[in-house]
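Chemist: Sharing upload.cif (mmCIF, C-alpha atoms) below.
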```
data_query
#
loop_
_atom_site.label_atom_id
_atom_site.label_comp_id
_atom_site.auth_asym_id
_atom_site.auth_seq_id
_atom_site.Cartn_x
_atom_site.Cartn_y
_atom_site.Cartn_z
CA MET N 1 71.74 -16.60 15.35
CA PRO N 2 68.60 -18.64 16.17
CA THR N 3 68.04 -21.61 13.86
CA HIS N 4 64.59 -20.51 12.68
CA GLU N 5 65.92 -17.08 11.68
CA LEU N 6 68.68 -18.75 9.67
CA ILE N 7 66.16 -21.01 7.95
CA VAL N 8 64.04 -18.00 6.94
CA TYR N 9 67.09 -16.29 5.42
CA ILE N 10 68.00 -19.44 3.49
CA ALA N 11 64.42 -19.90 2.31
CA VAL N 12 64.26 -16.31 0.97
CA MET N 13 67.61 -16.72 -0.82
CA ALA N 14 66.60 -20.03 -2.34
CA GLY N 15 63.07 -18.93 -3.24
CA VAL N 16 64.08 -15.75 -5.04
CA THR N 17 66.95 -17.46 -6.87
CA TYR N 18 64.71 -20.32 -8.02
CA LEU N 19 61.92 -18.02 -9.20
CA ILE N 20 64.41 -16.06 -11.34
CA ARG N 21 65.60 -19.27 -12.98
CA MET N 22 62.21 -20.92 -13.27
CA LEU N 23 59.77 -18.21 -14.38
CA PRO N 24 61.29 -17.36 -17.79
CA MET N 25 61.68 -21.01 -18.76
CA ALA N 26 58.23 -22.00 -17.51
CA LEU N 27 56.27 -19.00 -18.74
CA LEU N 28 57.94 -17.22 -21.62
CA ARG N 29 58.47 -18.71 -25.03
CA LYS N 30 59.32 -15.44 -26.79
CA LYS N 31 62.80 -14.01 -27.22
CA ILE N 32 63.93 -10.79 -25.59
CA HIS N 33 64.37 -8.21 -28.32
CA SER N 34 65.23 -5.14 -26.26
CA ARG N 35 68.87 -4.38 -26.88
CA PHE N 36 68.97 -2.33 -23.69
CA VAL N 37 67.74 -5.20 -21.52
CA LYS N 38 70.14 -7.66 -23.14
CA SER N 39 73.08 -5.28 -22.71
CA PHE N 40 72.08 -4.52 -19.11
CA LEU N 41 71.95 -8.23 -18.25
CA PHE N 42 75.30 -8.76 -19.96
CA TYR N 43 77.00 -6.09 -17.82
CA VAL N 44 75.33 -7.04 -14.51
CA PRO N 45 77.69 -9.86 -13.41
CA TYR N 46 80.80 -7.71 -13.89
CA ALA N 47 79.29 -4.69 -12.15
CA VAL N 48 78.13 -6.85 -9.21
CA LEU N 49 81.44 -8.60 -8.73
CA ALA N 50 83.44 -5.37 -9.04
CA ALA N 51 81.24 -3.55 -6.52
CA MET N 52 81.42 -6.50 -4.12
CA THR N 53 85.21 -6.74 -4.38
CA VAL N 54 86.32 -3.12 -3.94
CA PRO N 55 86.64 -1.79 -1.30
CA ALA N 56 85.58 -4.90 0.70
CA ILE N 57 88.72 -6.84 -0.24
CA PHE N 58 90.86 -4.37 1.73
CA GLU N 59 88.99 -5.25 4.92
CA SER N 60 88.93 -9.01 4.34
CA THR N 61 92.16 -9.98 6.08
CA GLY N 62 94.15 -9.26 9.24
CA SER N 63 95.72 -6.05 7.92
CA PHE N 64 95.36 -3.54 5.09
CA PHE N 65 98.83 -4.33 3.74
CA SER N 66 98.28 -8.07 3.55
CA ALA N 67 94.99 -7.42 1.74
CA LEU N 68 96.76 -5.04 -0.64
CA ALA N 69 99.32 -7.76 -1.41
CA GLY N 70 96.52 -10.27 -2.02
CA PHE N 71 94.72 -7.80 -4.29
CA ALA N 72 97.88 -7.02 -6.28
CA VAL N 73 98.81 -10.68 -6.77
CA ALA N 74 95.26 -11.61 -7.78
CA ALA N 75 94.98 -8.66 -10.18
CA VAL N 76 98.27 -9.43 -11.95
CA LEU N 77 97.55 -13.17 -12.25
CA ALA N 78 94.00 -12.52 -13.45
CA TRP N 79 95.36 -10.07 -16.03
CA CYS N 80 97.64 -12.84 -17.27
CA GLY N 81 94.65 -15.15 -17.55
CA GLY N 82 95.13 -17.40 -14.52
CA ASN N 83 92.24 -19.72 -13.66
CA LEU N 84 89.88 -19.04 -10.74
CA LEU N 85 91.37 -21.43 -8.23
CA ALA N 86 94.99 -20.52 -9.01
CA VAL N 87 94.29 -16.80 -8.65
CA ALA N 88 92.39 -17.28 -5.39
CA LEU N 89 95.06 -19.50 -3.84
CA ALA N 90 97.90 -17.20 -4.93
CA ALA N 91 96.08 -14.26 -3.31
CA CYS N 92 95.74 -16.29 -0.10
CA ALA N 93 99.44 -17.19 -0.21
CA ALA N 94 100.38 -13.52 -0.63
CA VAL N 95 98.22 -12.54 2.35
CA TYR N 96 99.70 -15.35 4.43
CA ALA N 97 103.26 -14.33 3.51
CA VAL N 98 102.74 -10.63 4.33
CA GLU N 99 101.05 -11.41 7.64
CA TRP N 100 103.89 -13.77 8.51
CA LEU N 101 106.43 -11.01 7.75
CA GLN N 102 104.43 -8.50 9.79
CA GLY N 103 104.40 -11.00 12.66
CA LEU N 104 108.23 -11.14 12.57
CA TRP N 105 108.47 -7.35 12.56
CA ARG N 106 106.27 -6.78 15.60
CA MET J 1 68.75 -23.07 -37.23
CA GLU J 2 65.02 -23.74 -37.49
CA HIS J 3 65.61 -26.68 -39.80
CA THR J 4 68.34 -28.41 -37.85
CA LYS J 5 67.57 -31.98 -36.81
CA SER J 6 70.45 -32.06 -34.35
CA PHE J 7 69.12 -33.16 -30.95
CA GLN J 8 71.35 -33.89 -27.96
CA ASN J 9 69.52 -36.03 -25.41
CA SER J 10 72.04 -38.53 -24.03
CA PHE J 11 72.17 -38.80 -20.25
CA ALA J 12 75.69 -40.27 -20.38
CA ALA J 13 77.01 -37.45 -22.56
CA GLY J 14 75.54 -34.92 -20.14
CA LEU J 15 77.09 -36.69 -17.16
CA ARG J 16 80.49 -36.66 -18.89
CA ASP J 17 80.27 -33.00 -19.90
CA GLY J 18 79.45 -32.10 -16.30
CA VAL J 19 82.61 -33.63 -14.78
CA PRO J 20 84.97 -30.66 -15.35
CA ILE J 21 82.29 -28.26 -14.06
CA GLY J 22 81.85 -30.41 -10.96
CA LEU J 23 85.57 -30.40 -10.22
CA GLY J 24 85.76 -26.63 -10.60
CA TYR J 25 82.70 -26.18 -8.38
CA PHE J 26 84.18 -28.39 -5.67
CA SER J 27 87.11 -26.02 -5.15
CA VAL J 28 85.01 -22.83 -5.29
CA SER J 29 82.35 -24.16 -2.92
CA MET J 30 85.03 -25.29 -0.45
CA THR J 31 85.84 -21.60 -0.07
CA PHE J 32 82.17 -20.91 0.56
CA GLY J 33 81.98 -23.64 3.21
CA ILE J 34 85.10 -22.30 4.92
CA LEU J 35 83.79 -18.72 4.94
CA CYS J 36 80.39 -19.77 6.30
CA VAL J 37 81.94 -21.48 9.30
CA LEU J 38 84.43 -18.63 9.86
CA ASP J 39 81.45 -16.26 9.89
CA GLY J 40 79.78 -18.35 12.56
CA LEU J 41 77.25 -20.38 10.57
CA PRO J 42 76.76 -24.07 11.41
CA VAL J 43 77.93 -26.67 8.89
CA TRP J 44 74.36 -27.75 8.05
CA ALA J 45 73.44 -24.16 7.09
CA ALA J 46 76.40 -23.87 4.73
CA VAL J 47 75.41 -27.13 3.01
CA ALA J 48 71.72 -26.16 2.95
CA ILE J 49 72.52 -22.83 1.27
CA SER J 50 74.61 -24.57 -1.40
CA MET J 51 72.00 -27.27 -2.05
CA THR J 52 69.16 -24.79 -2.41
CA ASN J 53 70.94 -21.92 -4.21
CA LEU J 54 73.67 -23.37 -6.43
CA THR J 55 75.18 -20.01 -7.30
CA SER J 56 78.46 -18.45 -6.21
CA ALA J 57 78.03 -14.67 -6.20
CA GLY J 58 74.50 -14.86 -4.82
CA GLN J 59 75.52 -17.16 -1.97
CA PHE J 60 78.55 -15.11 -0.98
CA ALA J 61 76.45 -11.94 -0.99
CA GLY J 62 73.71 -13.74 0.94
CA LEU J 63 76.23 -14.87 3.54
CA SER J 64 77.42 -11.32 4.14
CA LEU J 65 73.80 -10.14 4.47
CA ILE J 66 73.03 -12.89 6.98
CA CYS J 67 76.09 -11.87 9.00
CA ALA J 68 75.00 -8.21 8.87
CA HIS J 69 71.48 -9.21 10.07
CA SER J 70 70.02 -7.44 7.03
CA SER J 71 66.30 -7.28 6.40
CA LEU J 72 64.63 -10.04 4.39
CA PHE J 73 63.58 -7.46 1.80
CA GLU J 74 67.20 -6.47 1.31
CA MET J 75 68.12 -10.14 0.98
CA ALA J 76 65.43 -10.76 -1.64
CA LEU J 77 66.34 -7.64 -3.64
CA THR J 78 70.06 -8.43 -3.56
CA GLN J 79 69.46 -11.99 -4.77
CA LEU J 80 67.18 -10.65 -7.48
CA VAL J 81 69.74 -8.21 -8.85
CA ILE J 82 72.77 -10.48 -8.54
CA ASN J 83 71.01 -13.46 -10.10
CA LEU J 84 69.00 -11.59 -12.71
CA ARG J 85 71.33 -12.90 -15.41
CA TYR J 86 69.87 -16.38 -14.85
CA ALA J 87 66.55 -15.08 -16.17
CA LEU J 88 68.24 -14.36 -19.49
CA MET J 89 69.93 -17.76 -19.52
CA SER J 90 66.65 -19.46 -18.60
CA LEU J 91 64.94 -17.63 -21.43
CA SER J 92 67.69 -18.55 -23.85
CA LEU J 93 67.65 -22.23 -22.80
CA SER J 94 63.86 -22.35 -23.11
CA GLN J 95 64.40 -21.83 -26.85
CA LYS J 96 66.71 -24.84 -27.00
CA LEU J 97 64.31 -27.25 -25.26
CA PRO J 98 62.02 -29.28 -27.53
CA ARG J 99 58.28 -28.76 -27.07
CA THR J 100 58.03 -32.26 -25.64
CA VAL J 101 59.60 -30.97 -22.42
CA ARG J 102 56.50 -30.00 -20.44
CA LEU J 103 56.08 -27.82 -17.39
CA PRO J 104 57.28 -30.35 -14.75
CA GLY J 105 60.47 -30.91 -16.74
CA ARG J 106 61.00 -27.17 -17.09
CA LEU J 107 60.43 -26.67 -13.36
CA GLY J 108 63.17 -29.23 -12.68
CA ILE J 109 65.69 -28.19 -15.31
CA SER J 110 65.56 -24.50 -14.41
CA TYR J 111 66.68 -25.26 -10.83
CA PHE J 112 70.13 -26.15 -12.16
CA ILE J 113 70.84 -23.17 -14.41
CA THR J 114 74.28 -21.77 -13.60
CA ASP J 115 76.75 -19.79 -15.71
CA GLU J 116 78.75 -22.92 -16.58
CA ILE J 117 75.86 -25.35 -17.06
CA PHE J 118 74.19 -22.77 -19.27
CA ALA J 119 77.38 -22.27 -21.26
CA VAL J 120 77.78 -26.00 -21.95
CA ALA J 121 74.11 -26.58 -22.76
CA ALA J 122 73.94 -23.48 -24.96
CA SER J 123 77.04 -24.56 -26.89
CA GLN J 124 75.36 -27.79 -28.09
CA PRO J 125 74.28 -27.54 -31.72
CA GLY J 126 70.51 -27.71 -32.08
CA GLU J 127 68.05 -28.73 -29.40
CA VAL J 128 68.94 -30.09 -25.96
CA GLY J 129 66.71 -32.64 -24.26
CA GLY J 130 65.76 -33.20 -20.64
CA ARG J 131 67.91 -36.32 -20.28
CA TYR J 132 71.09 -34.59 -21.43
CA PHE J 133 70.34 -31.70 -19.11
CA SER J 134 69.72 -34.03 -16.13
CA GLY J 135 73.03 -35.77 -16.72
CA LEU J 136 74.80 -32.45 -17.11
CA ALA J 137 73.47 -31.14 -13.78
CA ILE J 138 74.54 -34.10 -11.61
CA MET J 139 78.31 -33.64 -11.26
CA PRO J 140 78.18 -29.86 -10.77
CA TYR J 141 75.48 -30.29 -8.10
CA LEU J 142 77.46 -33.00 -6.31
CA GLY J 143 80.69 -31.01 -6.58
CA TRP J 144 79.03 -27.86 -5.26
CA THR J 145 77.39 -29.66 -2.31
CA LEU J 146 80.32 -31.88 -1.30
CA GLY J 147 82.81 -29.03 -1.71
CA THR J 148 80.77 -26.89 0.68
CA LEU J 149 80.59 -29.74 3.19
CA CYS J 150 84.34 -30.41 3.01
CA GLY J 151 85.19 -26.72 3.33
CA ALA J 152 82.84 -26.24 6.27
CA VAL J 153 84.18 -29.28 8.11
CA ALA J 154 87.82 -28.54 7.29
CA SER J 155 87.72 -24.87 8.30
CA GLY J 156 87.62 -25.80 11.99
CA LEU J 157 90.90 -27.69 11.51
CA LEU J 158 92.81 -24.79 9.93
CA PRO J 159 95.20 -22.66 12.02
CA ASP J 160 94.22 -19.00 12.51
CA SER J 161 96.89 -17.62 10.18
CA VAL J 162 95.61 -19.74 7.30
CA ARG J 163 91.99 -18.83 8.08
CA SER J 164 92.84 -15.13 7.91
CA ALA J 165 94.53 -15.63 4.54
CA PHE J 166 91.40 -17.38 3.23
CA GLY J 167 89.39 -14.20 3.75
CA VAL J 168 90.80 -12.91 0.48
CA ALA J 169 90.06 -16.06 -1.56
CA LEU J 170 86.58 -15.06 -2.63
CA TYR J 171 87.69 -11.65 -3.86
CA GLY J 172 90.62 -13.24 -5.69
CA MET J 173 88.10 -15.37 -7.57
CA PHE J 174 85.94 -12.38 -8.40
CA LEU J 175 89.00 -10.59 -9.80
CA ALA J 176 89.83 -13.68 -11.86
CA ILE J 177 86.34 -13.53 -13.40
CA VAL J 178 86.20 -9.78 -14.04
CA ILE J 179 89.72 -8.75 -15.06
CA PRO J 180 90.22 -10.97 -18.14
CA VAL J 181 86.92 -9.75 -19.62
CA ALA J 182 87.63 -6.13 -18.69
CA ARG J 183 91.00 -6.45 -20.37
CA LYS J 184 89.40 -7.48 -23.66
CA SER J 185 86.40 -5.15 -23.61
CA ARG J 186 86.71 -1.42 -22.94
CA ALA J 187 82.98 -1.23 -22.27
CA VAL J 188 83.22 -3.87 -19.53
CA LEU J 189 86.29 -2.07 -18.16
CA GLY J 190 84.30 1.16 -18.00
CA VAL J 191 81.36 -0.54 -16.25
CA VAL J 192 83.75 -2.17 -13.77
CA CYS J 193 85.57 1.11 -12.98
CA LEU J 194 82.27 2.92 -12.49
CA ALA J 195 80.97 0.17 -10.21
CA VAL J 196 84.17 0.32 -8.14
CA ALA J 197 84.05 4.13 -7.90
CA LEU J 198 80.40 4.07 -6.80
CA SER J 199 81.06 1.27 -4.34
CA CYS J 200 83.96 3.20 -2.76
CA ALA J 201 81.83 6.36 -2.61
CA MET J 202 79.05 4.48 -0.81
CA ARG J 203 81.54 3.13 1.67
CA PHE J 204 83.56 6.27 2.45
CA VAL J 205 81.68 9.46 1.45
CA PRO J 206 79.66 10.90 4.37
CA LEU J 207 75.88 10.50 3.96
CA LEU J 208 76.34 8.04 1.08
CA ASN J 209 78.00 5.65 3.54
CA SER J 210 74.75 5.39 5.50
CA ILE J 211 73.39 3.20 2.66
CA SER J 212 73.47 -0.41 3.85
CA SER J 213 75.97 -2.68 2.11
CA GLY J 214 73.29 -4.76 0.40
CA PHE J 215 71.54 -1.78 -1.16
CA ALA J 216 74.88 -0.21 -2.03
CA ILE J 217 75.77 -3.21 -4.20
CA ILE J 218 72.37 -3.15 -5.88
CA LEU J 219 72.66 0.60 -6.60
CA CYS J 220 76.22 0.28 -7.92
CA THR J 221 75.17 -2.59 -10.17
CA VAL J 222 72.05 -1.01 -11.58
CA ILE J 223 73.74 2.35 -12.23
CA ALA J 224 76.95 0.91 -13.73
CA ALA J 225 75.29 -1.80 -15.83
CA GLY J 226 72.50 0.60 -16.84
CA LEU J 227 74.93 3.28 -18.00
CA GLY J 228 76.93 0.61 -19.81
CA ALA J 229 73.80 -0.57 -21.60
CA VAL J 230 72.91 3.00 -22.62
CA LEU J 231 76.39 4.13 -23.70
CA ALA J 232 77.75 0.85 -25.08
CA PRO J 233 74.87 -1.46 -26.05
CA VAL J 234 76.14 -4.94 -26.81
CA PRO J 235 75.83 -6.07 -30.44
CA ASP J 236 73.50 -9.08 -30.63
CA ARG J 237 75.97 -11.67 -31.88
CA GLU J 238 78.87 -10.66 -29.67
CA GLU J 239 76.61 -10.83 -26.65
CA GLU J 240 75.67 -14.44 -27.37
CA GLU J 241 79.28 -15.44 -27.87
CA ASP J 242 80.34 -13.81 -24.62
CA HIS J 243 77.64 -15.70 -22.77
CA ALA J 244 78.58 -18.93 -24.44
CA ASP J 245 82.13 -18.85 -23.12
CA ALA J 246 81.35 -17.16 -19.80
#
```
Translate this structure into structure tokens?

Modeler:
Amino acid sequence: MPTHELIVYIAVMAGVTYLIRMLPMALLRKKIHSRFVKSFLFYVPYAVLAAMTVPAIFESTGSFFSALAGFAVAAVLAWCGGNLLAVALAACAAVYAVEWLQGLWR
Amino acid sequence: MEHTKSFQNSFAAGLRDGVPIGLGYFSVSMTFGILCVLDGLPVWAAVAISMTNLTSAGQFAGLSLICAHSSLFEMALTQLVINLRYALMSLSLSQKLPRTVRLPGRLGISYFITDEIFAVAASQPGEVGGRYFSGLAIMPYLGWTLGTLCGAVASGLLPDSVRSAFGVALYGMFLAIVIPVARKSRAVLGVVCLAVALSCAMRFVPLLNSISSGFAIILCTVIAAGLGAVLAPVPDREEEEDHADA
């Protein structure tokens, strides 16, 4: 990708993200009272992350089965309350192990 | 609360409170740096994105849009939806700043609002001053930037098998954020299941799968979070507590 194109992408990302953070603090002094808006904003991060994860996770590695193993390990550890880094690394280890086994089998 | 005289404005205390956030950010942003380089971005671009965005979900989504050569409009809209929660945090923090913090200070402070920095600042009793906030922002910003740099540089040194395994790291982290909350709250669980169902539909169902990935995520989010807000509005106090320990 040409450098100038990349810079435009980065500038749009940074600009939009900054405006979201800056405008309320700079302009508004009143509190949000709408329960709907507050609830919507509360649910947004979980909805975004869930939609970004499934089904994309199953196409994120060398094979469907290694991704499935990574997903299963991450889901179980997360359920048990593992921290971010531990869950992520365990998922990577599971993917690595399954792909290693598949390599032996071939 | 109106009468409280409590006022946290120590730079050193902020710096200290930011250390654990910075360490956590270092490891997460290493993943971002690695993924950027695996996806073909130069090291400087990975570091530039981290230094100018300072947000995990938004950056990872932005990276996938860059790789898909999406339109700039799609990029802007995706960032808007994914990062909309910062508007609420910014609003909430604006109530904790004393009036003496003028516009230039607010323009600076707001640049560094993240889930974790917000959580720590919001958990201080009473008002929070500009000096405390500046101290608080330093370690997370350094951790985020240096982690990205280290990840980007190191990814070239990793063998292919390890690089393939790292493709799942980001999603593992997302699961680690979502699942514990979904386990505790049936409403969040419902929103998450709906978002996943919609996301799968927009990937696999004919016609629906012609929606580009960026818009698909926006649609899934707005529909799932919107339905959640209609069917299970969050009680005021609980909502604040959830944000405080997010």

Chemist: Here is a test: counting all atoms listed in the file, which residue of J:Cys67, J:Ala165, J:Val205, J:Leu38 is nearest to chain N?

Modeler: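 Between J:Cys67, J:Ala165, J:Val205, J:Leu38, the residue approaching chain N most closely is J:Ala165.
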
Chemist: Rounded to one decimal place, report the atom CA of J:Ile34-atom CA of J:Pro140 distance in Å.

Modeler: 18.7 Å

Chemist: Please return the centre and edge lengths, in Å to one decimal, of a box with edges along x, y and z that contains all listed atoms of stretch 69-76 of chain N, widened by 5 Å on every side, as lines of an AutoDock Vina configuration file.

Modeler:
```
center_x = 97.0
center_y = -9.3
center_z = -6.7
size_x = 14.6
size_y = 14.6
size_z = 20.5
```

Chemist: Quick one: of N:Cys80, N:Leu104, N:Ile57, N:Val8, who's nearest to J:Lys184, counting only C-alpha atoms?

Modeler: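 Comparing N:Cys80, N:Leu104, N:Ile57, N:Val8 against J:Lys184, the winner is N:Cys80.
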
Chemist: Would you compute the distance between atom CA of N:Ala47 and atom CA of J:Ser213? Give it in Å to one decimal.

Modeler: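 Computing it gives 14.8 Å between the two atoms.
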
Chemist: Find the spatial neighbours of N:Ala78, counting all atoms listed in the file, within a cut-off of 7 Å - ignore same-chain residues fewer than 4 positions away - and output them as JSON, numbers by chain.

Modeler: {"N": [74, 82, 87], "J": [175, 176, 179, 180]}

Chemist: Grab the residues selected above and save them as a short mmCIF file (atom, residue, chain, number, x, y, z; two decimals), in the coordinates of the input with C-alpha atoms.

Modeler:
```
data_model
loop_
_atom_site.label_atom_id
_atom_site.label_comp_id
_atom_site.auth_asym_id
_atom_site.auth_seq_id
_atom_site.Cartn_x
_atom_site.Cartn_y
_atom_site.Cartn_z
CA ALA N 74 95.26 -11.61 -7.78
CA GLY N 82 95.13 -17.40 -14.52
CA VAL N 87 94.29 -16.80 -8.65
CA LEU J 175 89.00 -10.59 -9.80
CA ALA J 176 89.83 -13.68 -11.86
CA ILE J 179 89.72 -8.75 -15.06
CA PRO J 180 90.22 -10.97 -18.14
#
```
